[in-house]
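Chemist: Before I ask anything, let me first share the structure, which is written out below as structure tokens.
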Amino acid sequence: MKTVHDNLIAIKSEIQKIALNCGRDPKTIELIAVSKTKPVSLIEEAIHAGQRSFGENYVQEGVEKINYFKEKMPDISLNWHFIGPLQSNKTKLVAENFDWMHTIDRFKIAQRLNDQRPSTMPKLNVLIQVNISNESTKSGIKPDEVIDLVKQIRTLPNLNLRGLMAIPEIEDDFDKQLSVFSKMQLLLQQLQRDYPFMDTLSMGMSGDMKAAIFAGSTMVRIGTAIFGSRIYL
């Protein structure tokens with residue numbers, strides 16, 4: 001039976017292979033281990049295997065894990081990414097505990113995160129979630145709404161706007177995956193003309209990582225291939 005350590009080695013090797021095949025430096029692609037619903041024992045295995053960036057979808061669960069590892073492993077610096085939908089009444093917990101917020105889709109959330117970010121912490125790195133597949137059931141803003149939200153977020157001193165995030169409609173065909181991800185790549189490139197500091201594309205999961213990397217993803221969010229099937233609480 002493969003361990004978390006084995007899985008991480010395999011995923012990192014696959015990322016390197018894909019990156020080299022499309023002429024990219026593997027070091028420009030960060031692996032976010034999606035640890036939602038996973039016990040701290042599995043996360044601890046990943047940490048011992050060298051993993052440092054983790055993604056959580058549920059605020060309270062994520063905060064409990066962050067505090068657990070701060071106490072248990074105070075000398076190890078971890079990066080915690082909030083990658084799920086966020087309600088207004090939960091923004092304070094994200095602002096006070098996480099390093100990254102991937103799913104901003106309205107100014108109200110950005111404003112609250114800014115106002116609630118402790119002055120003793122670095123700026124909160126944030127990404128704008130784009131509904132690139134135009135799914136009615138999915139969070140994120142339309143591509144033509146991005147520039148207005150960028151301008152608004154840029155007025156907030158405690159947020160560090162880094163780029164864009166997307167969760168496209170599930171598709172098994174590589175060419176179709178690549179077509180959708182390429183729209184995100186083009187959107188970021190257009191923004192970089194006026195905002196060159198925007199350097200992050202968070203896209204790609206276990207089923208579409210290859211296409212995402214080909215389209216310029218700088219963060220892939222992998223859960224199942226590292227930790228196994230999801231455990232719903």
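Residue numbering restarts at 1 in every chain; chains get A, B, ... in the order shown in the structure tokens, and ligands count up from 1 in that same order.
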Extract, using only C-alpha atoms, all DNA, RNA and protein residues at most 7 Å from A:Thr200, discarding same-chain residues fewer than 4 positions from it, and format them as a PyMOL selection string.
Modeler: chain A and resi 162-164+218
Chemist: Could you write out that same residue set with N, CA and C atoms as a CSV table (one decimal), in the first residue's frame?
Modeler:
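And here is the file that came out, again.csv:
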```csv
chain,number,residue,atom,x,y,z
A,162,ARG,N,-2.3,38.6,-5.9
A,162,ARG,CA,-1.3,37.9,-6.6
A,162,ARG,C,-1.7,37.3,-7.9
A,163,GLY,N,-3.0,37.1,-8.2
A,163,GLY,CA,-3.4,36.6,-9.4
A,163,GLY,C,-4.8,36.0,-9.4
A,164,LEU,N,-5.0,34.9,-10.2
A,164,LEU,CA,-6.3,34.3,-10.4
A,164,LEU,C,-6.4,32.9,-10.1
A,218,THR,N,0.7,28.1,-11.9
A,218,THR,CA,1.8,28.2,-11.0
A,218,THR,C,1.5,27.5,-9.6
```
Chemist: Neighbours of A:Thr91 within 10 Å (only C-alpha atoms; same-chain residues fewer than 2 positions away dropped), as a list in words?
Modeler: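 Selected residues are Val59, Leu86, Gln87, Ser88, Asn89, Leu93, Val94, Ala95, Glu96, Ile109, Ala110, Gln111, Arg112, Leu113, Asn114, Asp115, Gln116 and Arg117 of chain A.
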Chemist: Counting only C-alpha atoms, what is within 12 Å of A:Pro168, bar same-chain residues fewer than 4 positions away, as a PyMOL selection string?
Modeler: chain A and resi 129-140+172+176-184+202-205+207-209+211-212
Chemist: Output N, CA, C and O atoms of each residue in that selection to a file, as a compact mmCIF listing (two decimals), in the first residue's frame.
Modeler:
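Okay, selection-v8.txt is ready:
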```txt
# COMPACT_ATOMS: atom_id res chain seq x y z
N GLN A 129 -11.21 34.46 -7.81
CA GLN A 129 -11.75 33.24 -8.44
C GLN A 129 -12.59 33.62 -9.66
O GLN A 129 -13.51 34.44 -9.58
N VAL A 130 -12.27 33.00 -10.78
CA VAL A 130 -12.97 33.26 -12.04
C VAL A 130 -13.80 32.04 -12.41
O VAL A 130 -13.30 30.90 -12.41
N ASN A 131 -15.05 32.26 -12.71
CA ASN A 131 -15.94 31.18 -13.16
C ASN A 131 -15.73 31.02 -14.67
O ASN A 131 -16.55 31.47 -15.48
N ILE A 132 -14.63 30.40 -15.04
CA ILE A 132 -14.20 30.38 -16.43
C ILE A 132 -15.09 29.50 -17.31
O ILE A 132 -15.17 29.69 -18.52
N SER A 133 -15.79 28.53 -16.69
CA SER A 133 -16.69 27.66 -17.46
C SER A 133 -18.13 28.15 -17.45
O SER A 133 -19.02 27.50 -18.00
N ASN A 134 -18.36 29.28 -16.78
CA ASN A 134 -19.69 29.88 -16.72
C ASN A 134 -20.73 28.90 -16.18
O ASN A 134 -21.83 28.75 -16.72
N GLU A 135 -20.39 28.24 -15.07
CA GLU A 135 -21.31 27.30 -14.45
C GLU A 135 -22.18 28.02 -13.43
O GLU A 135 -21.68 28.72 -12.56
N SER A 136 -23.48 27.81 -13.51
CA SER A 136 -24.41 28.51 -12.62
C SER A 136 -24.27 28.07 -11.18
O SER A 136 -24.61 28.81 -10.25
N THR A 137 -23.75 26.86 -10.96
CA THR A 137 -23.64 26.33 -9.60
C THR A 137 -22.28 26.61 -8.97
O THR A 137 -22.04 26.20 -7.83
N LYS A 138 -21.40 27.28 -9.66
CA LYS A 138 -20.03 27.45 -9.17
C LYS A 138 -19.75 28.90 -8.82
O LYS A 138 -20.24 29.82 -9.46
N SER A 139 -18.93 29.09 -7.80
CA SER A 139 -18.52 30.43 -7.39
C SER A 139 -17.56 31.03 -8.40
O SER A 139 -17.05 30.36 -9.29
N GLY A 140 -17.29 32.32 -8.23
CA GLY A 140 -16.37 32.99 -9.13
C GLY A 140 -17.08 34.03 -9.98
O GLY A 140 -18.29 33.99 -10.19
N ASP A 172 -12.83 15.31 -19.19
CA ASP A 172 -11.79 14.29 -19.29
C ASP A 172 -10.85 14.48 -20.48
O ASP A 172 -9.73 13.99 -20.47
N LYS A 176 -9.78 19.77 -24.50
CA LYS A 176 -10.84 20.63 -23.96
C LYS A 176 -10.41 21.26 -22.64
O LYS A 176 -10.71 22.43 -22.37
N GLN A 177 -9.72 20.49 -21.80
CA GLN A 177 -9.17 21.05 -20.56
C GLN A 177 -8.22 22.19 -20.88
O GLN A 177 -8.29 23.27 -20.27
N LEU A 178 -7.32 21.96 -21.82
CA LEU A 178 -6.31 22.95 -22.18
C LEU A 178 -6.96 24.22 -22.73
O LEU A 178 -6.51 25.33 -22.44
N SER A 179 -8.02 24.05 -23.50
CA SER A 179 -8.71 25.21 -24.08
C SER A 179 -9.25 26.13 -22.99
O SER A 179 -9.12 27.35 -23.07
N VAL A 180 -9.86 25.53 -21.97
CA VAL A 180 -10.42 26.32 -20.88
C VAL A 180 -9.32 26.98 -20.05
O VAL A 180 -9.37 28.17 -19.74
N PHE A 181 -8.31 26.21 -19.69
CA PHE A 181 -7.21 26.76 -18.90
C PHE A 181 -6.46 27.87 -19.66
O PHE A 181 -5.96 28.82 -19.04
N SER A 182 -6.39 27.75 -20.96
CA SER A 182 -5.70 28.76 -21.76
C SER A 182 -6.41 30.11 -21.70
O SER A 182 -5.79 31.16 -21.82
N LYS A 183 -7.72 30.07 -21.48
CA LYS A 183 -8.46 31.32 -21.31
C LYS A 183 -8.02 32.03 -20.03
O LYS A 183 -7.93 33.25 -19.99
N MET A 184 -7.76 31.25 -18.99
CA MET A 184 -7.25 31.82 -17.74
C MET A 184 -5.86 32.40 -17.94
O MET A 184 -5.53 33.48 -17.44
N SER A 202 -3.71 29.79 -9.97
CA SER A 202 -4.04 28.61 -9.17
C SER A 202 -5.09 27.81 -9.93
O SER A 202 -6.27 28.15 -9.94
N MET A 203 -4.64 26.74 -10.58
CA MET A 203 -5.58 25.91 -11.34
C MET A 203 -4.93 24.56 -11.62
O MET A 203 -3.72 24.44 -11.76
N GLY A 204 -5.78 23.55 -11.65
CA GLY A 204 -5.31 22.20 -11.88
C GLY A 204 -5.45 21.35 -10.64
O GLY A 204 -4.97 21.72 -9.56
N MET A 205 -6.14 20.21 -10.78
CA MET A 205 -6.31 19.26 -9.70
C MET A 205 -5.90 17.88 -10.20
O MET A 205 -5.29 17.77 -11.27
N GLY A 207 -7.28 15.48 -11.68
CA GLY A 207 -7.76 15.03 -12.99
C GLY A 207 -7.37 15.88 -14.17
O GLY A 207 -7.55 15.46 -15.33
N ASP A 208 -6.86 17.09 -13.92
CA ASP A 208 -6.56 17.98 -15.06
C ASP A 208 -5.24 18.74 -14.86
O ASP A 208 -5.02 19.78 -15.47
N MET A 209 -4.37 18.19 -14.03
CA MET A 209 -3.11 18.87 -13.70
C MET A 209 -2.24 19.10 -14.93
O MET A 209 -1.63 20.16 -15.08
N ALA A 211 -3.00 19.55 -18.16
CA ALA A 211 -3.47 20.66 -19.00
C ALA A 211 -3.24 21.99 -18.31
O ALA A 211 -2.88 22.98 -18.95
N ALA A 212 -3.43 22.03 -16.99
CA ALA A 212 -3.23 23.28 -16.24
C ALA A 212 -1.79 23.74 -16.32
O ALA A 212 -1.50 24.93 -16.52
```
Chemist: From the list A:Val146, A:Ile141, A:Ile83, A:Ile170, which residue is nearest A:Ser35 when using only C-alpha atoms?
Modeler: A:Ile83
Chemist: In Å, how far is it from atom CA of A:Trp80 to atom CA of A:Asn125?
Modeler: 10.6 Å
Chemist: Please provide the set of residues having any atom within 10 Å of A:Met73, restricted to only C-alpha atoms, with same-chain residues fewer than 5 positions apart removed, written as a PyMOL selection string.
Modeler: chain A and resi 44+47+67-68+78
Chemist: Give me every helix (DSSP H, G or I) residue in stretch 82-149 of chain A, going by DSSP on the backbone, as a PyMOL selection string.
Modeler: chain A and resi 88-97+107-116+143-149
